[in-house]
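Asker: Contents of input_16.tsv (TSV, C-alpha atoms) are below:
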chain	number	residue	atom	x	y	z
A	121	MET	CA	17.08	0.26	-18.94
A	122	ALA	CA	14.57	3.01	-18.36
A	123	GLU	CA	12.04	4.91	-20.44
A	124	SER	CA	10.61	8.38	-19.97
A	125	VAL	CA	8.07	10.23	-22.07
A	126	THR	CA	7.35	13.95	-22.29
A	127	GLU	CA	4.19	15.56	-20.95
A	128	GLY	CA	2.84	15.74	-24.52
A	129	HIS	CA	2.97	11.96	-25.00
A	130	PRO	CA	-0.63	10.68	-25.37
A	131	ASP	CA	-0.47	8.40	-22.32
A	132	LYS	CA	0.94	11.20	-20.19
A	133	ILE	CA	-1.74	13.63	-21.40
A	134	ALA	CA	-4.27	11.12	-20.06
A	135	ASP	CA	-2.46	10.77	-16.72
A	136	GLN	CA	-2.20	14.55	-16.28
A	137	ILE	CA	-5.87	15.10	-17.06
A	138	ALA	CA	-6.83	12.39	-14.56
A	139	ASP	CA	-4.72	13.90	-11.79
A	140	ALA	CA	-5.72	17.49	-12.58
A	141	LEU	CA	-9.36	16.44	-12.16
A	142	LEU	CA	-8.48	14.63	-8.93
A	143	ASP	CA	-6.81	17.80	-7.64
A	144	GLU	CA	-9.87	19.91	-8.39
A	145	PHE	CA	-12.18	17.54	-6.53
A	146	LEU	CA	-9.82	17.36	-3.54
A	147	ARG	CA	-9.38	21.14	-3.51
A	148	LYS	CA	-13.12	21.60	-3.05
A	149	ASP	CA	-13.88	18.42	-1.09
A	150	PRO	CA	-10.82	16.73	0.47
A	151	TYR	CA	-12.84	13.58	1.12
A	152	SER	CA	-13.80	13.06	-2.51
A	153	LYS	CA	-13.54	9.47	-3.70
A	154	VAL	CA	-12.20	9.54	-7.23
A	155	SER	CA	-11.31	6.80	-9.70
A	156	LEU	CA	-11.00	8.18	-13.23
A	157	GLU	CA	-9.76	6.78	-16.52
A	158	ILE	CA	-8.98	8.99	-19.50
A	159	MET	CA	-8.64	8.23	-23.20
A	160	VAL	CA	-7.26	10.77	-25.68
A	161	THR	CA	-7.30	10.38	-29.44
A	162	THR	CA	-7.65	12.56	-32.53
A	163	GLY	CA	-9.78	15.56	-31.51
A	164	LEU	CA	-11.33	13.74	-28.55
A	165	VAL	CA	-10.96	13.26	-24.78
A	166	ILE	CA	-13.10	10.68	-22.98
A	167	VAL	CA	-13.41	10.89	-19.19
A	168	GLY	CA	-14.85	7.83	-17.48
A	169	GLY	CA	-14.89	6.36	-14.00
A	170	GLU	CA	-16.51	6.51	-10.60
A	171	LEU	CA	-16.90	9.44	-8.25
A	172	SER	CA	-18.38	10.33	-4.87
A	173	THR	CA	-18.09	13.97	-3.81
A	174	ASP	CA	-20.01	16.90	-2.32
A	175	THR	CA	-18.72	19.37	-4.88
A	176	TYR	CA	-18.93	20.21	-8.58
A	177	VAL	CA	-16.06	20.47	-11.04
A	178	ASP	CA	-16.34	21.76	-14.59
A	179	ILE	CA	-14.69	18.72	-16.16
A	180	PRO	CA	-14.37	20.01	-19.77
A	181	LYS	CA	-12.80	23.25	-18.50
A	182	VAL	CA	-10.17	21.35	-16.51
A	183	VAL	CA	-9.48	19.03	-19.44
A	184	ARG	CA	-8.96	21.92	-21.87
A	185	GLY	CA	-6.76	23.74	-19.36
A	186	VAL	CA	-4.43	20.74	-19.08
A	187	VAL	CA	-4.25	20.28	-22.85
A	188	LYS	CA	-3.43	23.97	-23.26
A	189	ASP	CA	-0.77	23.93	-20.52
A	190	ILE	CA	0.94	20.98	-22.18
A	191	GLY	CA	1.18	22.88	-25.46
A	192	TYR	CA	-1.50	21.52	-27.77
A	193	THR	CA	-2.79	24.91	-28.88
A	194	LYS	CA	-2.55	24.76	-32.68
A	195	PRO	CA	-5.06	23.03	-34.99
A	196	GLU	CA	-2.24	21.76	-37.21
A	197	LEU	CA	-1.20	19.42	-34.38
A	198	GLY	CA	-4.44	17.51	-34.94
A	199	PHE	CA	-5.38	17.88	-31.28
A	200	ASP	CA	-5.81	21.20	-29.50
A	201	ALA	CA	-7.40	22.61	-26.38
A	202	ASP	CA	-9.99	24.78	-28.11
A	203	THR	CA	-11.44	22.27	-30.56
A	204	CYS	CA	-11.12	18.84	-28.93
A	205	ALA	CA	-14.41	17.25	-27.89
A	206	VAL	CA	-14.78	16.17	-24.24
A	207	ILE	CA	-17.11	13.28	-23.46
A	208	THR	CA	-17.82	12.24	-19.87
A	209	SER	CA	-19.28	9.01	-18.53
A	210	ILE	CA	-19.03	9.01	-14.74
A	211	ASP	CA	-21.00	6.95	-12.23
A	212	GLU	CA	-21.28	7.18	-8.47
A	213	GLN	CA	-18.83	5.03	-6.54
A	214	SER	CA	-20.18	1.55	-5.84
A	215	PRO	CA	-21.93	1.46	-2.43
A	216	GLU	CA	-20.02	-1.73	-1.57
A	217	ILE	CA	-16.69	-0.02	-2.25
A	218	ALA	CA	-17.82	3.06	-0.32
A	219	LEU	CA	-18.72	0.88	2.67
A	220	GLY	CA	-15.33	-0.84	2.69
A	221	VAL	CA	-13.50	2.50	2.56
A	222	SER	CA	-15.70	4.13	5.21
A	223	ARG	CA	-14.62	1.41	7.62
A	224	GLU	CA	-11.01	2.57	7.10
A	225	GLY	CA	-10.29	-0.37	4.87
A	226	ALA	CA	-8.16	-0.39	1.74
A	227	GLY	CA	-9.93	1.14	-1.25
A	228	ASP	CA	-8.57	-1.55	-3.53
A	229	THR	CA	-6.67	-4.82	-3.57
A	230	ALA	CA	-3.06	-4.11	-4.45
A	231	ILE	CA	0.53	-5.24	-4.17
A	232	VAL	CA	2.68	-2.13	-3.79
A	233	VAL	CA	6.42	-1.73	-4.08
A	234	GLY	CA	8.89	0.90	-2.86
A	235	TYR	CA	12.53	1.03	-3.91
A	236	ALA	CA	15.60	3.07	-3.03
A	237	THR	CA	19.28	2.83	-3.87
A	238	LEU	CA	22.46	4.77	-3.15
A	239	GLU	CA	23.18	5.14	-6.89
A	240	ALA	CA	21.99	8.68	-7.64
A	241	PRO	CA	21.70	11.62	-5.20
A	242	ASN	CA	17.90	11.25	-5.21
A	243	PHE	CA	18.17	7.61	-4.02
A	244	MET	CA	16.91	6.40	-7.39
A	245	PRO	CA	18.47	4.30	-10.16
A	246	TRP	CA	20.59	6.43	-12.48
A	247	SER	CA	18.89	5.11	-15.62
A	248	ILE	CA	15.40	6.39	-14.78
A	249	THR	CA	16.84	9.59	-13.27
A	250	LEU	CA	18.67	10.42	-16.52
A	251	ALA	CA	15.70	9.48	-18.70
A	252	HIS	CA	13.44	11.90	-16.79
A	253	ARG	CA	16.10	14.61	-16.91
A	254	LEU	CA	16.19	14.43	-20.71
A	255	THR	CA	12.42	14.57	-21.24
A	256	ARG	CA	12.00	17.38	-18.71
A	257	ARG	CA	14.72	19.41	-20.44
A	258	LEU	CA	12.97	18.92	-23.79
A	259	ALA	CA	9.80	20.39	-22.28
A	260	ASP	CA	11.68	23.28	-20.67
A	261	LEU	CA	13.45	24.23	-23.92
A	262	ARG	CA	10.15	24.10	-25.79
A	263	LYS	CA	8.16	26.12	-23.27
A	264	THR	CA	10.79	28.81	-22.74
A	265	GLY	CA	11.12	29.33	-26.49
A	266	SER	CA	14.77	28.26	-26.58
A	267	MET	CA	13.82	25.62	-29.16
A	268	PRO	CA	10.54	26.91	-30.62
A	269	PHE	CA	10.52	24.21	-33.30
A	270	LEU	CA	9.89	21.49	-30.69
A	271	ARG	CA	6.41	20.00	-30.32
A	272	PRO	CA	4.97	18.41	-27.17
A	273	ASP	CA	5.38	14.66	-27.82
A	274	GLY	CA	8.59	12.74	-27.19
A	275	LYS	CA	10.23	9.67	-25.72
A	276	VAL	CA	13.62	8.69	-24.28
A	277	LEU	CA	15.22	5.29	-23.70
A	278	ILE	CA	18.39	4.93	-21.61
A	279	SER	CA	20.40	1.74	-21.14
A	280	MET	CA	23.27	1.56	-18.64
A	281	VAL	CA	26.05	-0.93	-18.11
A	282	TYR	CA	26.62	-2.08	-14.52
A	283	GLU	CA	29.87	-3.48	-13.22
A	284	ASP	CA	30.00	-5.21	-9.84
A	285	GLY	CA	26.45	-4.06	-9.21
A	286	LYS	CA	27.27	-0.39	-9.75
A	287	PRO	CA	26.45	1.84	-12.75
A	288	SER	CA	29.49	2.21	-14.99
A	289	PHE	CA	28.39	4.09	-18.11
A	290	VAL	CA	25.48	4.84	-20.41
A	291	LYS	CA	25.48	2.35	-23.26
A	292	ASP	CA	22.58	3.81	-25.28
A	293	VAL	CA	20.63	7.03	-25.49
A	294	VAL	CA	17.70	6.95	-27.89
A	295	MET	CA	15.50	10.03	-28.20
A	296	TYR	CA	12.36	10.57	-30.27
A	297	VAL	CA	11.73	14.31	-30.53
A	298	HIS	CA	8.47	15.77	-31.88
A	299	HIS	CA	9.21	18.78	-34.10
A	300	ASP	CA	7.90	21.29	-36.64
A	301	PRO	CA	8.22	20.30	-40.31
A	302	ASP	CA	10.54	23.15	-41.25
A	303	VAL	CA	13.52	22.19	-39.06
A	304	SER	CA	16.16	20.01	-40.72
A	305	LEU	CA	16.82	16.62	-39.19
A	306	GLN	CA	20.56	17.27	-39.04
A	307	ASN	CA	20.16	20.57	-37.18
A	308	LEU	CA	17.64	19.01	-34.81
A	309	ARG	CA	19.97	16.14	-33.97
A	310	GLU	CA	22.95	18.42	-33.38
A	311	MET	CA	21.00	20.74	-31.10
A	312	ILE	CA	19.46	17.90	-29.08
A	313	VAL	CA	22.87	16.31	-28.53
A	314	GLU	CA	24.50	19.58	-27.46
A	315	GLU	CA	21.68	21.24	-25.51
A	316	VAL	CA	19.92	18.23	-24.01
A	317	ILE	CA	22.06	15.11	-23.83
A	318	ARG	CA	25.41	16.73	-23.03
A	319	LYS	CA	23.78	19.10	-20.52
A	320	GLU	CA	21.90	16.43	-18.57
A	321	ILE	CA	24.06	13.29	-18.60
A	322	PRO	CA	27.21	13.52	-16.43
A	323	GLN	CA	30.37	13.31	-18.51
A	324	GLU	CA	31.68	10.32	-16.56
A	325	PHE	CA	28.78	8.26	-17.86
A	326	MET	CA	29.46	9.10	-21.52
A	327	LYS	CA	32.09	6.85	-23.10
A	328	GLU	CA	33.49	6.59	-26.63
A	329	ASN	CA	31.27	3.62	-27.33
A	330	THR	CA	28.10	5.25	-25.98
A	331	SER	CA	25.52	5.06	-28.76
A	332	VAL	CA	23.45	8.25	-29.22
A	333	LYS	CA	20.47	8.24	-31.58
A	334	VAL	CA	18.03	11.13	-32.10
A	335	ASN	CA	14.97	10.37	-34.23
A	336	PRO	CA	16.66	7.29	-35.72
A	337	THR	CA	13.68	6.56	-37.97
A	338	GLY	CA	13.69	10.09	-39.45
A	339	ARG	CA	11.18	12.91	-39.10
A	340	PHE	CA	8.73	13.02	-36.19
A	341	VAL	CA	6.24	15.70	-37.27
A	342	ILE	CA	2.99	13.82	-36.65
A	343	GLY	CA	2.71	13.10	-32.94
A	344	GLY	CA	0.47	13.32	-29.92
A	345	PRO	CA	-3.07	11.89	-29.83
A	346	VAL	CA	-3.47	12.26	-33.61
A	347	ALA	CA	-0.73	9.66	-34.06
A	348	ASP	CA	-1.41	7.37	-31.11
A	349	THR	CA	-4.29	6.91	-28.67
A	350	GLY	CA	-3.38	7.66	-25.04
A	351	LEU	CA	-4.73	5.97	-21.91
A	352	THR	CA	-4.19	6.42	-18.18
A	353	GLY	CA	-1.92	3.94	-16.47
A	354	ARG	CA	0.16	2.74	-19.41
A	355	LYS	CA	3.51	4.03	-18.14
A	356	ILE	CA	3.64	2.44	-14.68
A	357	VAL	CA	7.30	1.33	-14.86
A	358	SER	CA	8.37	4.76	-16.13
A	359	ASP	CA	6.29	6.33	-13.35
A	360	ALA	CA	8.21	4.27	-10.80
A	361	TYR	CA	11.81	3.04	-11.01
A	362	GLY	CA	12.51	1.77	-14.52
A	363	ASP	CA	13.26	-1.90	-15.11
A	364	ILE	CA	15.91	-2.09	-12.36
A	365	GLY	CA	13.26	-1.72	-9.69
A	366	PHE	CA	10.05	-3.62	-9.15
A	367	SER	CA	6.40	-2.92	-9.93
A	368	GLY	CA	3.31	-4.06	-8.12
A	369	GLY	CA	1.44	-3.70	-11.41
A	370	SER	CA	-0.96	-0.92	-10.44
A	371	ALA	CA	-1.26	2.55	-11.95
A	372	PHE	CA	-1.40	5.74	-9.88
A	373	SER	CA	-3.03	8.61	-11.77
A	374	GLY	CA	-6.72	9.41	-11.36
A	375	LYS	CA	-7.01	7.66	-8.00
A	376	ASP	CA	-7.65	9.36	-4.67
A	377	PRO	CA	-5.44	8.32	-1.71
A	378	SER	CA	-7.96	5.82	-0.35
A	379	LYS	CA	-6.75	3.65	-3.23
A	380	THR	CA	-3.85	1.79	-1.64
A	381	ASP	CA	-2.18	1.10	-4.97
A	382	ARG	CA	-1.31	4.81	-4.85
A	383	SER	CA	-0.92	5.71	-1.17
A	384	GLY	CA	0.65	2.35	-0.33
A	385	SER	CA	3.25	2.81	-3.08
A	386	TYR	CA	4.12	6.21	-1.65
A	387	ILE	CA	4.70	4.98	1.91
A	388	ALA	CA	6.65	1.97	0.58
A	389	ARG	CA	9.00	4.33	-1.28
A	390	MET	CA	9.41	6.46	1.85
A	391	ILE	CA	10.31	3.43	3.96
A	392	ALA	CA	12.85	2.20	1.42
A	393	LYS	CA	14.37	5.67	1.13
A	394	TYR	CA	14.74	6.03	4.90
A	395	VAL	CA	16.45	2.65	5.15
A	396	VAL	CA	19.00	3.60	2.48
A	397	ALA	CA	19.44	7.23	3.58
A	398	SER	CA	20.12	5.99	7.13
A	399	ASP	CA	23.01	3.90	5.79
A	400	LEU	CA	21.33	0.71	6.96
A	401	ALA	CA	21.63	-0.78	3.44
A	402	GLN	CA	22.82	0.21	-0.01
A	403	LYS	CA	19.50	-0.66	-1.63
A	404	CYS	CA	16.09	-1.68	-0.37
A	405	VAL	CA	12.80	-2.97	-1.71
A	406	VAL	CA	9.62	-2.77	0.37
A	407	GLN	CA	6.55	-4.80	-0.59
A	408	ILE	CA	3.12	-4.48	1.00
A	409	GLY	CA	-0.04	-6.41	0.16
A	410	TYR	CA	-3.48	-4.84	0.66
A	411	ALA	CA	-6.92	-6.40	0.28
A	412	PHE	CA	-10.05	-4.38	-0.39
A	413	GLY	CA	-11.96	-3.39	2.73
A	414	LEU	CA	-9.34	-4.66	5.20
A	415	SER	CA	-7.82	-2.07	7.52
A	416	GLU	CA	-4.59	-4.03	8.05
A	417	PRO	CA	-2.15	-5.04	5.30
A	418	VAL	CA	-2.19	-8.69	4.33
A	419	ALA	CA	1.60	-8.87	4.05
A	420	PHE	CA	4.75	-6.79	4.52
A	421	ASP	CA	8.27	-7.59	3.40
A	422	LEU	CA	11.60	-5.78	3.14
A	423	GLU	CA	14.61	-6.92	1.09
A	424	THR	CA	18.13	-5.45	1.13
A	425	PHE	CA	19.94	-7.90	-1.19
A	426	GLY	CA	22.77	-8.64	1.21
A	427	THR	CA	23.78	-4.98	1.47
A	428	GLU	CA	22.37	-4.47	4.98
A	429	LYS	CA	24.54	-3.39	7.93
A	430	VAL	CA	21.86	-4.33	10.47
A	431	ASP	CA	19.93	-7.58	10.59
A	432	LYS	CA	16.96	-7.39	8.21
A	433	GLU	CA	14.49	-8.53	10.84
A	434	VAL	CA	15.60	-5.70	13.12
A	435	ILE	CA	15.19	-3.18	10.28
A	436	LYS	CA	11.75	-4.58	9.57
A	437	GLU	CA	10.70	-4.37	13.22
A	438	LYS	CA	11.86	-0.76	13.62
A	439	VAL	CA	10.31	0.30	10.31
A	440	LEU	CA	6.91	-0.97	11.43
A	441	GLU	CA	7.30	0.93	14.71
A	442	PHE	CA	8.09	4.19	12.90
A	443	PHE	CA	5.96	4.19	9.75
A	444	PRO	CA	2.20	3.68	9.42
A	445	ILE	CA	1.12	1.15	6.82
A	446	ARG	CA	-2.63	1.01	7.53
A	447	PRO	CA	-4.51	2.77	4.69
A	448	SER	CA	-6.16	5.53	6.72
A	449	ASP	CA	-2.99	6.17	8.74
A	450	ILE	CA	-0.90	6.60	5.58
A	451	ILE	CA	-3.27	9.31	4.34
A	452	ASP	CA	-2.90	11.27	7.59
A	453	PHE	CA	0.85	10.70	7.91
A	454	LEU	CA	1.62	11.95	4.37
A	455	ASP	CA	-1.23	14.50	4.31
A	456	LEU	CA	-2.55	13.07	1.05
A	457	ARG	CA	-5.93	14.80	0.90
A	458	LYS	CA	-4.32	17.88	-0.65
A	459	PRO	CA	-4.36	18.69	-4.39
A	460	ILE	CA	-0.76	17.65	-5.10
A	461	TYR	CA	-1.26	15.04	-7.76
A	462	ARG	CA	-1.06	16.63	-11.18
A	463	GLN	CA	2.63	17.38	-10.64
A	464	THR	CA	3.24	13.65	-10.06
A	465	ALA	CA	1.74	12.64	-13.39
A	466	CYS	CA	4.83	13.32	-15.50
A	467	TYR	CA	8.58	12.77	-14.99
A	468	GLY	CA	8.11	10.19	-12.25
A	469	HIS	CA	6.37	9.87	-8.89
A	470	PHE	CA	9.62	9.25	-7.03
A	471	GLY	CA	13.00	10.91	-6.61
A	472	ARG	CA	11.62	14.48	-6.63
A	473	GLU	CA	11.93	16.34	-3.35
A	474	LYS	CA	8.65	18.26	-3.63
A	475	PHE	CA	6.54	15.26	-2.61
A	476	PRO	CA	5.82	14.34	1.05
A	477	TRP	CA	6.90	10.71	0.59
A	478	GLU	CA	10.37	11.99	-0.39
A	479	ASP	CA	10.78	14.05	2.79
A	480	LEU	CA	13.72	13.10	5.02
A	481	SER	CA	13.13	15.61	7.82
A	482	ARG	CA	12.68	12.84	10.41
A	483	LEU	CA	15.79	10.93	9.38
A	484	GLU	CA	17.70	11.57	12.63
A	485	GLU	CA	14.71	10.46	14.66
A	486	PHE	CA	14.55	7.25	12.60
A	487	ARG	CA	18.30	6.62	13.03
A	488	GLU	CA	17.94	6.86	16.80
A	489	LEU	CA	15.89	3.67	16.72
A	490	PHE	CA	19.09	1.82	15.78
The structure given in the file should be rewritten as structure tokens.
Answerer:
Amino acid sequence: MAESVTEGHPDKIADQIADALLDEFLRKDPYSKVSLEIMVTTGLVIVGGELSTDTYVDIPKVVRGVVKDIGYTKPELGFDADTCAVITSIDEQSPEIALGVSREGAGDTAIVVGYATLEAPNFMPWSITLAHRLTRRLADLRKTGSMPFLRPDGKVLISMVYEDGKPSFVKDVVMYVHHDPDVSLQNLREMIVEEVIRKEIPQEFMKENTSVKVNPTGRFVIGGPVADTGLTGRKIVSDAYGDIGFSGGSAFSGKDPSKTDRSGSYIARMIAKYVVASDLAQKCVVQIGYAFGLSEPVAFDLETFGTEKVDKEVIKEKVLEFFPIRPSDIIDFLDLRKPIYRQTACYGHFGREKFPWEDLSRLEEFRELF
């Protein structure tokens, strides 16, 4: 199974605000140390956390810009960019944490996980890939005016049946679609099925017994922060691989790359993807353990579930020759001090080619090691 939520979901609003603020600090001071948490609720955004930087960012302006971009621009939604209050409570980064990071140690203690599989073309599980496709299409149809009755909030759940370890068909599609009050539920359901589900899910995955439900509980007019409080870091499995993969338990958004729960997760995904893309295994999980202030990982492991074509220990040895896993080296290798993070905060951190940890340009060089 896999879940995806639209950019107007309260938790995703929080993640996008956190990463938009991170981007602004990194744009002006690439060595900013940022750890922000966001809460959104009816008419209110709270920005809290720790920060060390040599620059200034107009936090309320960035917050309102994100809210506006997402589509909360009308007072009747109960939350809008022009009228929401923005409260900030930010302290300087702890001197003990700053000291540990300045010594090129990990900015946090974390277990990170990277996963890749041959299932979908993006080396991701099909379930999470399809879930993100559906929510992204909802946003595109809303923002282009093709379905002007759509509102920003929404959620998708996909369940797939696997046979002999391979995806066979989609068993369930459940969509919750935020909408204006004047659209009929029947028309909404018909349009979502035709213009979203049938356009984004390959026909071979849709069987006669595939269950499709759109707004199964009825109308979904009241949504967004007025209906549910949103917080950063509450969609970590959706941000990663869905339930078929693994999670180290840490959130990503609002954290600068010195936080290994973010940068470590990115290099772990890259390693797993290279192993699978090189045809060394059909699927791969990479796990790395980091401890605050230590410049070397505590542990590293790689699992291929019996699908490997080369001995796992050989793969492991060559991976560690090719990829950096020390915190400071990861930042340089992936060029993570750039303002690239807001675009990660919705529709998944993995399986999208625009990110440096998804780049396969050195694949031939990696294959030569074997």
Asker: Counting only C-alpha atoms, find the residues whose atoms lie at most 8 Å from (9.6, 9.6, -5.8) (file coordinates) and write them out as a short mmCIF file (atom, residue, chain, number, x, y, z; two decimals) with C-alpha atoms, in the frame of the given file.
Answerer:
data_model
loop_
_atom_site.label_atom_id
_atom_site.label_comp_id
_atom_site.auth_asym_id
_atom_site.auth_seq_id
_atom_site.Cartn_x
_atom_site.Cartn_y
_atom_site.Cartn_z
CA ALA A 360 8.21 4.27 -10.80
CA TYR A 386 4.12 6.21 -1.65
CA ARG A 389 9.00 4.33 -1.28
CA GLY A 468 8.11 10.19 -12.25
CA HIS A 469 6.37 9.87 -8.89
CA PHE A 470 9.62 9.25 -7.03
CA GLY A 471 13.00 10.91 -6.61
CA ARG A 472 11.62 14.48 -6.63
CA GLU A 473 11.93 16.34 -3.35
CA PHE A 475 6.54 15.26 -2.61
CA TRP A 477 6.90 10.71 0.59
CA GLU A 478 10.37 11.99 -0.39
#
Asker: Of the residues A:Arg253, A:Gly374, A:Glu127, A:Tyr235, which is the one nearest to Glu157 of chain A, using only C-alpha atoms?
Answerer: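 The shortest atom-to-atom distance to Glu157 of chain A comes from A:Gly374.
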Asker: Measuring atom to atom with all atoms listed in the file, identify which of A:Thr330, A:Ser124, A:Thr229, A:Ser266 is nearest to Leu414 of chain A.
Answerer: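 So, comparing all the options, the nearest one is A:Thr229.
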Asker: Please measure the separation of atom CA of Lys132 of chain A and atom CA of Ile190 of chain A, giving the value in Å to one decimal.
Answerer: 10.0 Å
Asker: So what do you get for atom CA of Val232 of chain A versus atom CA of Val186 of chain A, distance-wise?
Answerer: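 Atom CA of Val186 of chain A lies 28.4 Å from atom CA of Val232 of chain A.
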Asker: May I ask which of the residues A:Ser331, A:Thr193, A:Ser367, A:Gln213 is the closest one to Phe289 of chain A, counting all atoms listed in the file?
Answerer: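 Ranking A:Ser331, A:Thr193, A:Ser367, A:Gln213 by distance to Phe289 of chain A, first place goes to A:Ser331.
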Asker: Skipping near chain neighbours, those fewer than 6 positions away, what residues fall within 12 Å of Ala397 of chain A using all atoms listed in the file, listed as a list in words?
Answerer: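 Surrounding residues, per the criterion: Tyr235, Ala236, Thr237, Leu238, Glu239, Ala240, Pro241, Asn242, Phe243, Met244, Arg389, Met390, Ile391, Lys403, Cys404, Glu478, Asp479, Leu480, Ser481, Arg482, Leu483, Glu484, Phe486 and Arg487 of chain A.
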Asker: Nearest to Arg309 of chain A among A:Lys194, A:Lys333, A:Lys153, A:Lys181, with distances taken over all atoms listed in the file: which residue is it?
Answerer: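 Using all atoms listed in the file, the shortest distance to Arg309 of chain A belongs to A:Lys333.
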Asker: In terms of the shortest atom-to-atom distance over all atoms listed in the file, which of A:Leu146, A:Lys291, A:Ser279, A:Tyr296 is closest to Glu328 of chain A?
Answerer: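 The closest residue to Glu328 of chain A is A:Lys291.
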Asker: So which one's closest to Arg256 of chain A, A:Glu320, A:Asp292, A:Glu441, A:Asp455? Using all atoms listed in the file, please.
Answerer: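 Checking each of A:Glu320, A:Asp292, A:Glu441, A:Asp455 against Arg256 of chain A, counting all atoms listed in the file, the winner is A:Glu320.
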Asker: Would you list the contacts of Val294 of chain A as number ranges by chain, taking every protein, DNA or RNA residue within 12 Å and counting all atoms listed in the file, but skipping same-chain residues closer than 5 positions in sequence?
Answerer: A: 121-125, 250-251, 254-255, 274-279, 309, 312-313, 317, 330-337
Asker: Just add N, CA and C atoms to segment 396-411 of chain A and send it as a short mmCIF file (atom, residue, chain, number, x, y, z; two decimals), in the frame of the given file.
Answerer:
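New file selection30.cif:
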data_model
loop_
_atom_site.label_atom_id
_atom_site.label_comp_id
_atom_site.auth_asym_id
_atom_site.auth_seq_id
_atom_site.Cartn_x
_atom_site.Cartn_y
_atom_site.Cartn_z
N VAL A 396 17.76 3.34 3.22
CA VAL A 396 19.00 3.60 2.48
C VAL A 396 19.67 4.89 2.95
N ALA A 397 18.88 5.95 3.14
CA ALA A 397 19.44 7.23 3.58
C ALA A 397 20.04 7.15 4.98
N SER A 398 19.58 6.19 5.78
CA SER A 398 20.12 5.99 7.13
C SER A 398 21.38 5.13 7.13
N ASP A 399 21.82 4.72 5.94
CA ASP A 399 23.01 3.90 5.79
C ASP A 399 22.83 2.52 6.43
N LEU A 400 21.59 2.06 6.46
CA LEU A 400 21.33 0.71 6.96
C LEU A 400 21.55 -0.32 5.86
N ALA A 401 21.43 0.11 4.59
CA ALA A 401 21.63 -0.78 3.44
C ALA A 401 21.90 0.09 2.22
N GLN A 402 22.52 -0.53 1.21
CA GLN A 402 22.82 0.21 -0.01
C GLN A 402 21.63 0.27 -0.96
N LYS A 403 20.75 -0.70 -0.86
CA LYS A 403 19.50 -0.66 -1.63
C LYS A 403 18.44 -1.45 -0.88
N CYS A 404 17.19 -1.09 -1.15
CA CYS A 404 16.09 -1.68 -0.37
C CYS A 404 14.82 -1.72 -1.21
N VAL A 405 14.13 -2.83 -1.13
CA VAL A 405 12.80 -2.97 -1.71
C VAL A 405 11.81 -3.27 -0.59
N VAL A 406 10.71 -2.55 -0.59
CA VAL A 406 9.62 -2.77 0.37
C VAL A 406 8.39 -3.22 -0.41
N GLN A 407 7.77 -4.29 0.05
CA GLN A 407 6.55 -4.80 -0.59
C GLN A 407 5.44 -4.92 0.46
N ILE A 408 4.27 -4.42 0.10
CA ILE A 408 3.12 -4.48 1.00
C ILE A 408 1.92 -4.99 0.20
N GLY A 409 1.17 -5.90 0.80
CA GLY A 409 -0.04 -6.41 0.16
C GLY A 409 -1.29 -5.90 0.87
N TYR A 410 -2.22 -5.35 0.11
CA TYR A 410 -3.48 -4.84 0.66
C TYR A 410 -4.65 -5.58 0.01
N ALA A 411 -5.70 -5.79 0.79
CA ALA A 411 -6.92 -6.40 0.28
C ALA A 411 -8.09 -5.45 0.52
#
